[in-house]
>>> print(open('upload_7.cif').read())   # mmCIF, N, CA and C atoms and all ligand atoms
data_protein
loop_
_atom_site.label_atom_id
_atom_site.label_comp_id
_atom_site.auth_asym_id
_atom_site.auth_seq_id
_atom_site.Cartn_x
_atom_site.Cartn_y
_atom_site.Cartn_z
N MET A 1 -69.72 148.30 54.75
CA MET A 1 -69.76 149.45 53.84
C MET A 1 -69.46 149.00 52.41
N ILE A 2 -69.97 149.80 51.49
CA ILE A 2 -69.73 149.51 50.07
C ILE A 2 -68.88 150.63 49.46
N PHE A 3 -67.89 150.23 48.70
CA PHE A 3 -67.01 151.18 48.00
C PHE A 3 -67.06 150.85 46.50
N VAL A 4 -66.97 151.90 45.68
CA VAL A 4 -67.09 151.69 44.24
C VAL A 4 -65.92 152.34 43.51
N GLY A 5 -65.52 151.74 42.41
CA GLY A 5 -64.52 152.35 41.52
C GLY A 5 -64.95 152.12 40.09
N ASN A 6 -64.61 153.05 39.21
CA ASN A 6 -64.89 152.80 37.80
C ASN A 6 -63.76 153.37 36.95
N ASP A 7 -63.75 153.00 35.67
CA ASP A 7 -62.74 153.56 34.77
C ASP A 7 -63.21 153.39 33.33
N ILE A 8 -62.75 154.29 32.48
CA ILE A 8 -63.03 154.18 31.04
C ILE A 8 -61.71 154.36 30.30
N VAL A 9 -61.50 153.53 29.28
CA VAL A 9 -60.21 153.49 28.58
C VAL A 9 -60.45 153.56 27.07
N GLU A 10 -59.65 154.40 26.40
CA GLU A 10 -59.70 154.43 24.94
C GLU A 10 -58.96 153.21 24.39
N ILE A 11 -59.64 152.41 23.59
CA ILE A 11 -59.04 151.17 23.08
C ILE A 11 -57.83 151.48 22.20
N GLU A 12 -57.89 152.58 21.43
CA GLU A 12 -56.77 152.93 20.55
C GLU A 12 -55.49 153.20 21.36
N ARG A 13 -55.65 153.81 22.54
CA ARG A 13 -54.48 154.11 23.37
C ARG A 13 -53.82 152.80 23.83
N ILE A 14 -54.65 151.82 24.19
CA ILE A 14 -54.12 150.52 24.61
C ILE A 14 -53.52 149.79 23.42
N ASN A 15 -54.16 149.94 22.25
CA ASN A 15 -53.64 149.30 21.04
C ASN A 15 -52.23 149.81 20.74
N THR A 16 -52.03 151.11 20.87
CA THR A 16 -50.70 151.70 20.64
C THR A 16 -49.70 151.13 21.64
N PHE A 17 -50.11 151.04 22.89
CA PHE A 17 -49.23 150.50 23.94
C PHE A 17 -48.82 149.05 23.60
N ILE A 18 -49.80 148.26 23.17
CA ILE A 18 -49.52 146.84 22.88
C ILE A 18 -48.60 146.70 21.67
N GLN A 19 -48.85 147.54 20.65
CA GLN A 19 -48.00 147.47 19.44
C GLN A 19 -46.55 147.82 19.76
N ASN A 20 -46.36 148.71 20.74
CA ASN A 20 -45.02 149.24 21.03
C ASN A 20 -44.28 148.47 22.13
N HIS A 21 -44.92 147.46 22.70
CA HIS A 21 -44.28 146.75 23.81
C HIS A 21 -44.23 145.25 23.54
N LYS A 22 -43.14 144.66 24.00
CA LYS A 22 -42.98 143.22 23.88
C LYS A 22 -43.74 142.55 25.02
N ILE A 23 -43.93 141.22 24.88
CA ILE A 23 -44.67 140.46 25.89
C ILE A 23 -44.08 140.69 27.29
N LYS A 24 -42.73 140.72 27.35
CA LYS A 24 -42.08 140.89 28.66
C LYS A 24 -42.49 142.22 29.30
N GLU A 25 -42.62 143.25 28.46
CA GLU A 25 -43.00 144.57 28.99
C GLU A 25 -44.49 144.61 29.32
N LEU A 26 -45.29 143.90 28.53
CA LEU A 26 -46.72 143.83 28.84
C LEU A 26 -46.95 143.24 30.22
N ALA A 27 -46.02 142.37 30.64
CA ALA A 27 -46.15 141.69 31.93
C ALA A 27 -46.04 142.65 33.11
N HIS A 28 -45.57 143.87 32.86
CA HIS A 28 -45.56 144.87 33.93
C HIS A 28 -46.99 145.36 34.23
N VAL A 29 -47.88 145.12 33.28
CA VAL A 29 -49.26 145.59 33.45
C VAL A 29 -50.23 144.42 33.54
N PHE A 30 -50.03 143.42 32.66
CA PHE A 30 -50.99 142.32 32.56
C PHE A 30 -50.36 141.00 33.01
N THR A 31 -51.17 140.14 33.61
CA THR A 31 -50.69 138.82 34.00
C THR A 31 -50.66 137.90 32.76
N GLN A 32 -49.97 136.78 32.89
CA GLN A 32 -49.90 135.83 31.77
C GLN A 32 -51.29 135.33 31.39
N THR A 33 -52.13 135.09 32.38
CA THR A 33 -53.50 134.63 32.11
C THR A 33 -54.25 135.67 31.28
N GLU A 34 -54.07 136.93 31.65
CA GLU A 34 -54.76 138.01 30.92
C GLU A 34 -54.23 138.11 29.49
N ILE A 35 -52.92 138.02 29.35
CA ILE A 35 -52.32 138.11 28.01
C ILE A 35 -52.83 136.97 27.13
N GLN A 36 -52.86 135.76 27.68
CA GLN A 36 -53.35 134.61 26.90
C GLN A 36 -54.82 134.79 26.52
N TYR A 37 -55.62 135.26 27.48
CA TYR A 37 -57.06 135.46 27.23
C TYR A 37 -57.26 136.47 26.10
N CYS A 38 -56.61 137.62 26.23
CA CYS A 38 -56.82 138.70 25.25
C CYS A 38 -56.30 138.30 23.87
N GLN A 39 -55.15 137.61 23.84
CA GLN A 39 -54.58 137.24 22.54
C GLN A 39 -55.36 136.11 21.86
N SER A 40 -56.25 135.46 22.60
CA SER A 40 -57.09 134.42 21.99
C SER A 40 -58.31 135.04 21.29
N LYS A 41 -58.51 136.34 21.47
CA LYS A 41 -59.68 137.02 20.91
C LYS A 41 -59.34 137.65 19.56
N THR A 42 -60.38 137.89 18.73
CA THR A 42 -60.14 138.48 17.41
C THR A 42 -59.69 139.94 17.52
N SER A 43 -60.09 140.61 18.60
CA SER A 43 -59.65 142.00 18.81
C SER A 43 -58.98 142.11 20.19
N PRO A 44 -57.72 141.67 20.27
CA PRO A 44 -57.05 141.65 21.59
C PRO A 44 -57.08 143.00 22.32
N SER A 45 -56.90 144.11 21.59
CA SER A 45 -56.83 145.42 22.24
C SER A 45 -58.10 145.73 23.02
N THR A 46 -59.23 145.31 22.46
CA THR A 46 -60.52 145.55 23.12
C THR A 46 -60.52 144.90 24.51
N HIS A 47 -60.02 143.68 24.57
CA HIS A 47 -60.05 142.93 25.84
C HIS A 47 -58.94 143.38 26.78
N PHE A 48 -57.78 143.76 26.21
CA PHE A 48 -56.74 144.37 27.06
C PHE A 48 -57.29 145.66 27.68
N ALA A 49 -57.99 146.46 26.88
CA ALA A 49 -58.54 147.72 27.40
C ALA A 49 -59.56 147.46 28.51
N GLY A 50 -60.39 146.43 28.31
CA GLY A 50 -61.36 146.08 29.36
C GLY A 50 -60.68 145.65 30.64
N ARG A 51 -59.59 144.87 30.48
CA ARG A 51 -58.85 144.44 31.67
C ARG A 51 -58.19 145.63 32.37
N PHE A 52 -57.64 146.54 31.56
CA PHE A 52 -56.98 147.71 32.15
C PHE A 52 -58.01 148.55 32.91
N ALA A 53 -59.17 148.76 32.30
CA ALA A 53 -60.24 149.52 32.99
C ALA A 53 -60.65 148.81 34.28
N ALA A 54 -60.74 147.50 34.23
CA ALA A 54 -61.14 146.74 35.43
C ALA A 54 -60.11 146.87 36.54
N LYS A 55 -58.84 146.81 36.18
CA LYS A 55 -57.77 146.95 37.20
C LYS A 55 -57.83 148.32 37.86
N GLU A 56 -58.03 149.36 37.03
CA GLU A 56 -58.10 150.71 37.57
C GLU A 56 -59.35 150.87 38.45
N ALA A 57 -60.45 150.28 38.03
CA ALA A 57 -61.68 150.34 38.84
C ALA A 57 -61.48 149.64 40.18
N VAL A 58 -60.80 148.49 40.15
CA VAL A 58 -60.51 147.75 41.38
C VAL A 58 -59.62 148.59 42.30
N LYS A 59 -58.60 149.22 41.71
CA LYS A 59 -57.72 150.07 42.52
C LYS A 59 -58.50 151.20 43.18
N LYS A 60 -59.40 151.81 42.42
CA LYS A 60 -60.18 152.93 42.98
C LYS A 60 -61.07 152.46 44.13
N ALA A 61 -61.72 151.33 43.94
CA ALA A 61 -62.59 150.82 45.02
C ALA A 61 -61.77 150.50 46.26
N LEU A 62 -60.63 149.84 46.07
CA LEU A 62 -59.80 149.45 47.22
C LEU A 62 -59.16 150.67 47.88
N LEU A 63 -58.70 151.63 47.07
CA LEU A 63 -58.06 152.82 47.66
C LEU A 63 -59.08 153.70 48.38
N SER A 64 -60.34 153.63 47.96
CA SER A 64 -61.38 154.35 48.69
C SER A 64 -61.52 153.81 50.10
N ALA A 65 -61.35 152.50 50.21
CA ALA A 65 -61.50 151.86 51.52
C ALA A 65 -60.19 151.87 52.32
N PHE A 66 -59.07 151.69 51.60
CA PHE A 66 -57.74 151.56 52.25
C PHE A 66 -56.77 152.54 51.57
N PRO A 67 -56.77 153.81 52.01
CA PRO A 67 -56.01 154.84 51.30
C PRO A 67 -54.51 154.57 51.20
N ASP A 68 -53.95 153.79 52.12
CA ASP A 68 -52.50 153.57 52.12
C ASP A 68 -52.09 152.29 51.38
N LEU A 69 -53.05 151.61 50.80
CA LEU A 69 -52.76 150.34 50.13
C LEU A 69 -51.81 150.54 48.94
N VAL A 70 -50.79 149.68 48.87
CA VAL A 70 -49.88 149.70 47.71
C VAL A 70 -50.22 148.47 46.86
N LEU A 71 -50.62 148.72 45.63
CA LEU A 71 -51.14 147.63 44.81
C LEU A 71 -50.67 147.77 43.37
N PRO A 72 -49.56 147.09 43.01
CA PRO A 72 -49.11 147.14 41.61
C PRO A 72 -50.19 146.63 40.67
N ILE A 73 -50.28 147.25 39.51
CA ILE A 73 -51.40 146.92 38.62
C ILE A 73 -51.33 145.47 38.13
N ASN A 74 -50.10 144.92 38.01
CA ASN A 74 -50.02 143.53 37.54
C ASN A 74 -50.23 142.52 38.67
N SER A 75 -50.53 143.01 39.88
CA SER A 75 -50.90 142.08 40.95
C SER A 75 -52.41 141.87 40.98
N ILE A 76 -53.13 142.68 40.20
CA ILE A 76 -54.59 142.51 40.07
C ILE A 76 -54.84 141.70 38.81
N SER A 77 -55.37 140.51 38.95
CA SER A 77 -55.60 139.65 37.80
C SER A 77 -57.10 139.53 37.54
N ILE A 78 -57.50 139.89 36.31
CA ILE A 78 -58.91 139.76 35.93
C ILE A 78 -59.06 138.46 35.15
N LYS A 79 -59.84 137.55 35.72
CA LYS A 79 -60.07 136.26 35.06
C LYS A 79 -61.54 136.17 34.66
N ASN A 80 -61.87 135.12 33.90
CA ASN A 80 -63.25 134.92 33.47
C ASN A 80 -63.73 133.54 33.83
N LYS A 81 -64.97 133.48 34.36
CA LYS A 81 -65.59 132.18 34.61
C LYS A 81 -65.95 131.51 33.28
N ASP A 82 -66.37 130.26 33.35
CA ASP A 82 -66.71 129.54 32.12
C ASP A 82 -67.80 130.26 31.32
N ASN A 83 -68.70 130.97 32.02
CA ASN A 83 -69.77 131.68 31.30
C ASN A 83 -69.34 133.06 30.82
N GLY A 84 -68.07 133.41 31.05
CA GLY A 84 -67.55 134.69 30.58
C GLY A 84 -67.52 135.79 31.62
N ALA A 85 -68.20 135.59 32.74
CA ALA A 85 -68.26 136.64 33.77
C ALA A 85 -66.87 136.88 34.37
N PRO A 86 -66.46 138.15 34.49
CA PRO A 86 -65.13 138.43 35.03
C PRO A 86 -65.11 138.37 36.56
N TYR A 87 -63.93 138.02 37.09
CA TYR A 87 -63.73 138.08 38.54
C TYR A 87 -62.27 138.47 38.81
N VAL A 88 -62.01 138.84 40.06
CA VAL A 88 -60.71 139.39 40.43
C VAL A 88 -59.93 138.42 41.30
N VAL A 89 -58.65 138.24 40.99
CA VAL A 89 -57.73 137.48 41.84
C VAL A 89 -56.52 138.37 42.09
N PHE A 90 -56.05 138.43 43.35
CA PHE A 90 -54.86 139.20 43.67
C PHE A 90 -53.67 138.25 43.70
N GLU A 91 -52.69 138.52 42.83
CA GLU A 91 -51.60 137.57 42.63
C GLU A 91 -50.65 137.49 43.83
N HIS A 92 -50.40 138.61 44.51
CA HIS A 92 -49.35 138.59 45.54
C HIS A 92 -49.81 139.07 46.89
N ASN A 93 -51.06 139.44 47.03
CA ASN A 93 -51.48 140.08 48.28
C ASN A 93 -52.61 139.28 48.93
N ALA A 94 -52.22 138.30 49.73
CA ALA A 94 -53.21 137.41 50.34
C ALA A 94 -54.14 138.18 51.28
N SER A 95 -53.68 139.29 51.84
CA SER A 95 -54.49 140.01 52.83
C SER A 95 -55.77 140.58 52.22
N ILE A 96 -55.76 140.85 50.91
CA ILE A 96 -57.00 141.35 50.31
C ILE A 96 -57.71 140.29 49.48
N GLN A 97 -57.17 139.06 49.53
CA GLN A 97 -57.72 138.00 48.70
C GLN A 97 -59.19 137.68 49.03
N ASN A 98 -59.52 137.76 50.32
CA ASN A 98 -60.86 137.33 50.71
C ASN A 98 -61.86 138.49 50.81
N LYS A 99 -61.49 139.65 50.31
CA LYS A 99 -62.44 140.75 50.29
C LYS A 99 -63.53 140.45 49.25
N SER A 100 -64.74 140.92 49.53
CA SER A 100 -65.83 140.72 48.59
C SER A 100 -65.78 141.82 47.53
N LEU A 101 -65.35 141.45 46.35
CA LEU A 101 -65.09 142.43 45.31
C LEU A 101 -65.68 141.91 44.00
N GLN A 102 -66.59 142.67 43.42
CA GLN A 102 -67.22 142.30 42.16
C GLN A 102 -66.78 143.28 41.07
N VAL A 103 -66.61 142.76 39.86
CA VAL A 103 -66.19 143.63 38.75
C VAL A 103 -67.05 143.33 37.53
N SER A 104 -67.30 144.37 36.74
CA SER A 104 -68.05 144.21 35.50
C SER A 104 -67.37 145.03 34.41
N ILE A 105 -67.29 144.47 33.21
CA ILE A 105 -66.58 145.09 32.08
C ILE A 105 -67.55 145.24 30.91
N SER A 106 -67.41 146.32 30.15
CA SER A 106 -68.14 146.45 28.89
C SER A 106 -67.24 147.14 27.86
N HIS A 107 -67.46 146.80 26.58
CA HIS A 107 -66.68 147.42 25.50
C HIS A 107 -67.62 148.00 24.45
N SER A 108 -67.18 149.08 23.83
CA SER A 108 -67.78 149.52 22.56
C SER A 108 -66.66 149.44 21.52
N VAL A 109 -66.89 149.96 20.34
CA VAL A 109 -65.83 149.94 19.31
C VAL A 109 -64.62 150.76 19.78
N SER A 110 -64.89 151.87 20.45
CA SER A 110 -63.81 152.82 20.78
C SER A 110 -63.34 152.78 22.23
N HIS A 111 -64.19 152.35 23.14
CA HIS A 111 -63.85 152.44 24.57
C HIS A 111 -64.18 151.15 25.31
N ALA A 112 -63.49 150.95 26.41
CA ALA A 112 -63.84 149.88 27.36
C ALA A 112 -64.06 150.54 28.71
N THR A 113 -64.99 150.00 29.45
CA THR A 113 -65.30 150.57 30.75
C THR A 113 -65.48 149.44 31.76
N ALA A 114 -65.27 149.77 33.03
CA ALA A 114 -65.42 148.75 34.07
C ALA A 114 -65.86 149.41 35.37
N VAL A 115 -66.57 148.64 36.15
CA VAL A 115 -67.01 149.06 37.48
C VAL A 115 -66.60 147.98 38.46
N ALA A 116 -66.12 148.41 39.62
CA ALA A 116 -65.80 147.45 40.69
C ALA A 116 -66.55 147.87 41.95
N ILE A 117 -67.08 146.89 42.64
CA ILE A 117 -67.80 147.14 43.90
C ILE A 117 -67.17 146.28 44.99
N LEU A 118 -66.78 146.95 46.05
CA LEU A 118 -66.13 146.29 47.19
C LEU A 118 -67.06 146.39 48.40
N GLU A 119 -67.30 145.27 49.05
CA GLU A 119 -68.11 145.28 50.27
C GLU A 119 -67.26 144.78 51.43
N ILE A 120 -67.14 145.59 52.47
CA ILE A 120 -66.36 145.17 53.64
C ILE A 120 -67.14 145.44 54.90
C1 LIG A 201 -72.73 138.63 28.80
C2 LIG A 201 -73.28 139.68 27.84
C3 LIG A 201 -74.36 140.47 28.57
C4 LIG A 201 -72.14 140.60 27.38
O1 LIG A 201 -72.68 141.74 26.74
P1 LIG A 201 -72.12 142.34 25.38
O2 LIG A 201 -72.87 143.58 25.08
O3 LIG A 201 -72.10 141.26 24.36
O4 LIG A 201 -70.59 142.68 25.63
P2 LIG A 201 -69.92 143.85 26.51
O5 LIG A 201 -68.87 144.48 25.68
O6 LIG A 201 -70.92 144.78 27.14
O7 LIG A 201 -69.25 143.03 27.69
C5 LIG A 201 -68.23 142.12 27.45
C6 LIG A 201 -67.73 141.69 28.80
O8 LIG A 201 -68.83 141.14 29.54
C7 LIG A 201 -68.31 140.27 30.51
N1 LIG A 201 -69.12 139.06 30.52
C8 LIG A 201 -69.14 138.09 29.60
N2 LIG A 201 -70.01 137.14 29.97
C9 LIG A 201 -70.55 137.53 31.15
C10 LIG A 201 -71.49 136.99 32.05
N3 LIG A 201 -72.08 135.80 31.82
N4 LIG A 201 -71.81 137.66 33.17
C11 LIG A 201 -71.22 138.84 33.45
N5 LIG A 201 -70.31 139.43 32.63
C12 LIG A 201 -69.99 138.77 31.50
C13 LIG A 201 -66.85 140.00 30.15
O9 LIG A 201 -66.03 140.68 31.09
C14 LIG A 201 -66.70 140.60 28.76
O10 LIG A 201 -65.44 141.17 28.52
P3 LIG A 201 -64.11 140.25 28.45
O11 LIG A 201 -64.41 139.10 27.56
O12 LIG A 201 -63.07 141.18 27.90
O13 LIG A 201 -63.83 139.86 29.88
C15 LIG A 201 -73.90 139.01 26.59
O14 LIG A 201 -72.85 138.35 25.87
C16 LIG A 201 -74.98 138.01 26.95
O15 LIG A 201 -76.13 138.39 27.18
N6 LIG A 201 -74.69 136.73 26.97
C17 LIG A 201 -75.71 135.76 27.28
C18 LIG A 201 -75.09 134.44 27.44
C19 LIG A 201 -74.39 134.08 26.20
O16 LIG A 201 -74.77 134.47 25.13
N7 LIG A 201 -73.34 133.34 26.36
C20 LIG A 201 -72.55 132.95 25.23
C21 LIG A 201 -71.22 132.42 25.70
S1 LIG A 201 -71.47 130.95 26.65
#
>>> encode(input="upload_7.cif", output="structure tokens")
Amino acid sequence: MIFVGNDIVEIERINTFIQNHKIKELAHVFTQTEIQYCQSKTSPSTHFAGRFAAKEAVKKALLSAFPDLVLPINSISIKNKDNGAPYVVFEHNASIQNKSLQVSISHSVSHATAVAILEI
């Protein structure tokens, strides 16, 4: 079966969150890899927003399939291949590590959006 999740995030809302939180607090939401990736970009908020949308999309796809799953948002890590394509790694939950899960991210000036597709 195929399960889908999506999300859209206002970049300004994420920008406010980032401005008001220290790195240690950001770690409740984003992994170190994600923080490093986003901060290497000219517009970090845009990429943080894309990652946040991707995490929420992944949660929606997984919760559609497994309604009782407990999945902290910072356990979902969005990484990028050398060509820039995003992929998902679960930091603490080996049981869902081998699920077939694809994610796609897009940004505009004001919003970031993501779609996740889970096949089980
Ligand atoms: C990949 C591509 C379609 C992205 O489209 P875009 O309109 O520029 O940007 P969007 O805002 O819609 O999407 C950006 C997201 O696309 C994703 N992305 C980047 N490269 C990708 C790829 N090769 N495949 C799939 N997704 C990709 C990333 O998640 C990125 O967000 P992130 O950096 O925060 O993770 C576009 O850059 C492209 O056609 N690239 C062709 C290859 C290229 O030019 N490569 C240059 C770098 S090697």
>>> closest_residue(input="upload_7.cif", among="A:Thr16, A:Ser75, A:Ser45, A:Ser108", to="ligand LIG 201 (chain A)", atoms="all atoms listed in the file")
A:Ser108
>>> closest_residue(input="upload_7.cif", among="A:Ile73, A:Val29, A:Gln19, A:Cys38", to="A:Val58", atoms="only C-alpha atoms")
A:Ile73
>>> closest_residue(input="upload_7.cif", among="A:Leu71, A:Glu91, A:Glu56, A:Thr42", to="ligand LIG 201 (chain A)", atoms="only C-alpha atoms and all ligand atoms")
A:Thr42
>>> closest_atom_pairs(input="upload_7.cif", of="chain A", to="ligand LIG 201 (chain A)", cutoff="6 Å", atoms="only N, CA and C atoms and all ligand atoms", output="tab-separated table")
residue	atom	partner	partner_atom	distance
A:Thr46	C	A:LIG201	O12	5.6
A:His47	CA	A:LIG201	O12	4.1
A:Gly50	CA	A:LIG201	O12	5.4
A:Arg51	N	A:LIG201	O12	5.7
A:Asp82	C	A:LIG201	S1	6.0
A:Asn83	C	A:LIG201	N3	4.0
A:Gly84	C	A:LIG201	N2	3.3
A:Ala85	N	A:LIG201	C9	3.4
A:Pro86	N	A:LIG201	O9	4.3
A:Ser104	C	A:LIG201	O9	5.6
A:Ile105	C	A:LIG201	C6	4.1
A:Ser106	CA	A:LIG201	O6	3.7
A:His107	N	A:LIG201	O5	2.9
A:Ser108	N	A:LIG201	O5	5.2
>>> write_last_selection(input="upload_7.cif", atoms="N, CA and C atoms", output="mmCIF file, keeping the file's coordinate frame")
data_model
loop_
_atom_site.group_PDB
_atom_site.id
_atom_site.type_symbol
_atom_site.label_atom_id
_atom_site.label_comp_id
_atom_site.auth_asym_id
_atom_site.auth_seq_id
_atom_site.Cartn_x
_atom_site.Cartn_y
_atom_site.Cartn_z
ATOM 1 N N THR A 46 -59.230 145.310 22.460
ATOM 2 C CA THR A 46 -60.520 145.550 23.120
ATOM 3 C C THR A 46 -60.520 144.900 24.510
ATOM 4 N N HIS A 47 -60.020 143.680 24.570
ATOM 5 C CA HIS A 47 -60.050 142.930 25.840
ATOM 6 C C HIS A 47 -58.940 143.380 26.780
ATOM 7 N N GLY A 50 -60.390 146.430 28.310
ATOM 8 C CA GLY A 50 -61.360 146.080 29.360
ATOM 9 C C GLY A 50 -60.680 145.650 30.640
ATOM 10 N N ARG A 51 -59.590 144.870 30.480
ATOM 11 C CA ARG A 51 -58.850 144.440 31.670
ATOM 12 C C ARG A 51 -58.190 145.630 32.370
ATOM 13 N N ASP A 82 -66.370 130.260 33.350
ATOM 14 C CA ASP A 82 -66.710 129.540 32.120
ATOM 15 C C ASP A 82 -67.800 130.260 31.320
ATOM 16 N N ASN A 83 -68.700 130.970 32.020
ATOM 17 C CA ASN A 83 -69.770 131.680 31.300
ATOM 18 C C ASN A 83 -69.340 133.060 30.820
ATOM 19 N N GLY A 84 -68.070 133.410 31.050
ATOM 20 C CA GLY A 84 -67.550 134.690 30.580
ATOM 21 C C GLY A 84 -67.520 135.790 31.620
ATOM 22 N N ALA A 85 -68.200 135.590 32.740
ATOM 23 C CA ALA A 85 -68.260 136.640 33.770
ATOM 24 C C ALA A 85 -66.870 136.880 34.370
ATOM 25 N N PRO A 86 -66.460 138.150 34.490
ATOM 26 C CA PRO A 86 -65.130 138.430 35.030
ATOM 27 C C PRO A 86 -65.110 138.370 36.560
ATOM 28 N N SER A 104 -67.300 144.370 36.740
ATOM 29 C CA SER A 104 -68.050 144.210 35.500
ATOM 30 C C SER A 104 -67.370 145.030 34.410
ATOM 31 N N ILE A 105 -67.290 144.470 33.210
ATOM 32 C CA ILE A 105 -66.580 145.090 32.080
ATOM 33 C C ILE A 105 -67.550 145.240 30.910
ATOM 34 N N SER A 106 -67.410 146.320 30.150
ATOM 35 C CA SER A 106 -68.140 146.450 28.890
ATOM 36 C C SER A 106 -67.240 147.140 27.860
ATOM 37 N N HIS A 107 -67.460 146.800 26.580
ATOM 38 C CA HIS A 107 -66.680 147.420 25.500
ATOM 39 C C HIS A 107 -67.620 148.000 24.450
ATOM 40 N N SER A 108 -67.180 149.080 23.830
ATOM 41 C CA SER A 108 -67.780 149.520 22.560
ATOM 42 C C SER A 108 -66.660 149.440 21.520
#
>>> closest_residue(input="upload_7.cif", among="A:His111, A:Asn15, A:Val103, A:Gln36", to="A:Lys60", atoms="only C-alpha atoms")
A:Val103
>>> closest_residue(input="upload_7.cif", among="A:Ile120, A:Ala112, A:Asn6, A:Glu34", to="A:Lys59", atoms="all atoms listed in the file")
A:Asn6
>>> residues_near_point(input="upload_7.cif", point="(-58.8, 151.8, 50.5)", cutoff="12 Å", atoms="only C-alpha atoms", output="number ranges by chain")
A: 1-5, 58-71, 96, 99, 118-120
>>> write_last_selection(input="upload_7.cif", atoms="N, CA and C atoms", output="mmCIF file, in the coordinates of the input")
data_model
loop_
_atom_site.group_PDB
_atom_site.id
_atom_site.type_symbol
_atom_site.label_atom_id
_atom_site.label_comp_id
_atom_site.auth_asym_id
_atom_site.auth_seq_id
_atom_site.Cartn_x
_atom_site.Cartn_y
_atom_site.Cartn_z
ATOM 1 N N MET A 1 -69.720 148.300 54.750
ATOM 2 C CA MET A 1 -69.760 149.450 53.840
ATOM 3 C C MET A 1 -69.460 149.000 52.410
ATOM 4 N N ILE A 2 -69.970 149.800 51.490
ATOM 5 C CA ILE A 2 -69.730 149.510 50.070
ATOM 6 C C ILE A 2 -68.880 150.630 49.460
ATOM 7 N N PHE A 3 -67.890 150.230 48.700
ATOM 8 C CA PHE A 3 -67.010 151.180 48.000
ATOM 9 C C PHE A 3 -67.060 150.850 46.500
ATOM 10 N N VAL A 4 -66.970 151.900 45.680
ATOM 11 C CA VAL A 4 -67.090 151.690 44.240
ATOM 12 C C VAL A 4 -65.920 152.340 43.510
ATOM 13 N N GLY A 5 -65.520 151.740 42.410
ATOM 14 C CA GLY A 5 -64.520 152.350 41.520
ATOM 15 C C GLY A 5 -64.950 152.120 40.090
ATOM 16 N N VAL A 58 -60.800 148.490 40.150
ATOM 17 C CA VAL A 58 -60.510 147.750 41.380
ATOM 18 C C VAL A 58 -59.620 148.590 42.300
ATOM 19 N N LYS A 59 -58.600 149.220 41.710
ATOM 20 C CA LYS A 59 -57.720 150.070 42.520
ATOM 21 C C LYS A 59 -58.500 151.200 43.180
ATOM 22 N N LYS A 60 -59.400 151.810 42.420
ATOM 23 C CA LYS A 60 -60.180 152.930 42.980
ATOM 24 C C LYS A 60 -61.070 152.460 44.130
ATOM 25 N N ALA A 61 -61.720 151.330 43.940
ATOM 26 C CA ALA A 61 -62.590 150.820 45.020
ATOM 27 C C ALA A 61 -61.770 150.500 46.260
ATOM 28 N N LEU A 62 -60.630 149.840 46.070
ATOM 29 C CA LEU A 62 -59.800 149.450 47.220
ATOM 30 C C LEU A 62 -59.160 150.670 47.880
ATOM 31 N N LEU A 63 -58.700 151.630 47.070
ATOM 32 C CA LEU A 63 -58.060 152.820 47.660
ATOM 33 C C LEU A 63 -59.080 153.700 48.380
ATOM 34 N N SER A 64 -60.340 153.630 47.960
ATOM 35 C CA SER A 64 -61.380 154.350 48.690
ATOM 36 C C SER A 64 -61.520 153.810 50.100
ATOM 37 N N ALA A 65 -61.350 152.500 50.210
ATOM 38 C CA ALA A 65 -61.500 151.860 51.520
ATOM 39 C C ALA A 65 -60.190 151.870 52.320
ATOM 40 N N PHE A 66 -59.070 151.690 51.600
ATOM 41 C CA PHE A 66 -57.740 151.560 52.250
ATOM 42 C C PHE A 66 -56.770 152.540 51.570
ATOM 43 N N PRO A 67 -56.770 153.810 52.010
ATOM 44 C CA PRO A 67 -56.010 154.840 51.300
ATOM 45 C C PRO A 67 -54.510 154.570 51.200
ATOM 46 N N ASP A 68 -53.950 153.790 52.120
ATOM 47 C CA ASP A 68 -52.500 153.570 52.120
ATOM 48 C C ASP A 68 -52.090 152.290 51.380
ATOM 49 N N LEU A 69 -53.050 151.610 50.800
ATOM 50 C CA LEU A 69 -52.760 150.340 50.130
ATOM 51 C C LEU A 69 -51.810 150.540 48.940
ATOM 52 N N VAL A 70 -50.790 149.680 48.870
ATOM 53 C CA VAL A 70 -49.880 149.700 47.710
ATOM 54 C C VAL A 70 -50.220 148.470 46.860
ATOM 55 N N LEU A 71 -50.620 148.720 45.630
ATOM 56 C CA LEU A 71 -51.140 147.630 44.810
ATOM 57 C C LEU A 71 -50.670 147.770 43.370
ATOM 58 N N ILE A 96 -55.760 140.850 50.910
ATOM 59 C CA ILE A 96 -57.000 141.350 50.310
ATOM 60 C C ILE A 96 -57.710 140.290 49.480
ATOM 61 N N LYS A 99 -61.490 139.650 50.310
ATOM 62 C CA LYS A 99 -62.440 140.750 50.290
ATOM 63 C C LYS A 99 -63.530 140.450 49.250
ATOM 64 N N LEU A 118 -66.780 146.950 46.050
ATOM 65 C CA LEU A 118 -66.130 146.290 47.190
ATOM 66 C C LEU A 118 -67.060 146.390 48.400
ATOM 67 N N GLU A 119 -67.300 145.270 49.050
ATOM 68 C CA GLU A 119 -68.110 145.280 50.270
ATOM 69 C C GLU A 119 -67.260 144.780 51.430
ATOM 70 N N ILE A 120 -67.140 145.590 52.470
ATOM 71 C CA ILE A 120 -66.360 145.170 53.640
ATOM 72 C C ILE A 120 -67.140 145.440 54.900
#
>>> select_by_dssp(input="upload_7.cif", residues="chain A", states="alpha helix (DSSP H)", output="PyMOL selection string")
chain A and resi 11-20+23-26+32-39+44-65
>>> residues_around(input="upload_7.cif", residues="A:Ile78", least_positions_apart="4", cutoff="6 Å", atoms="all atoms listed in the file", output="MDAnalysis selection string")
chainID A and resid 87:89
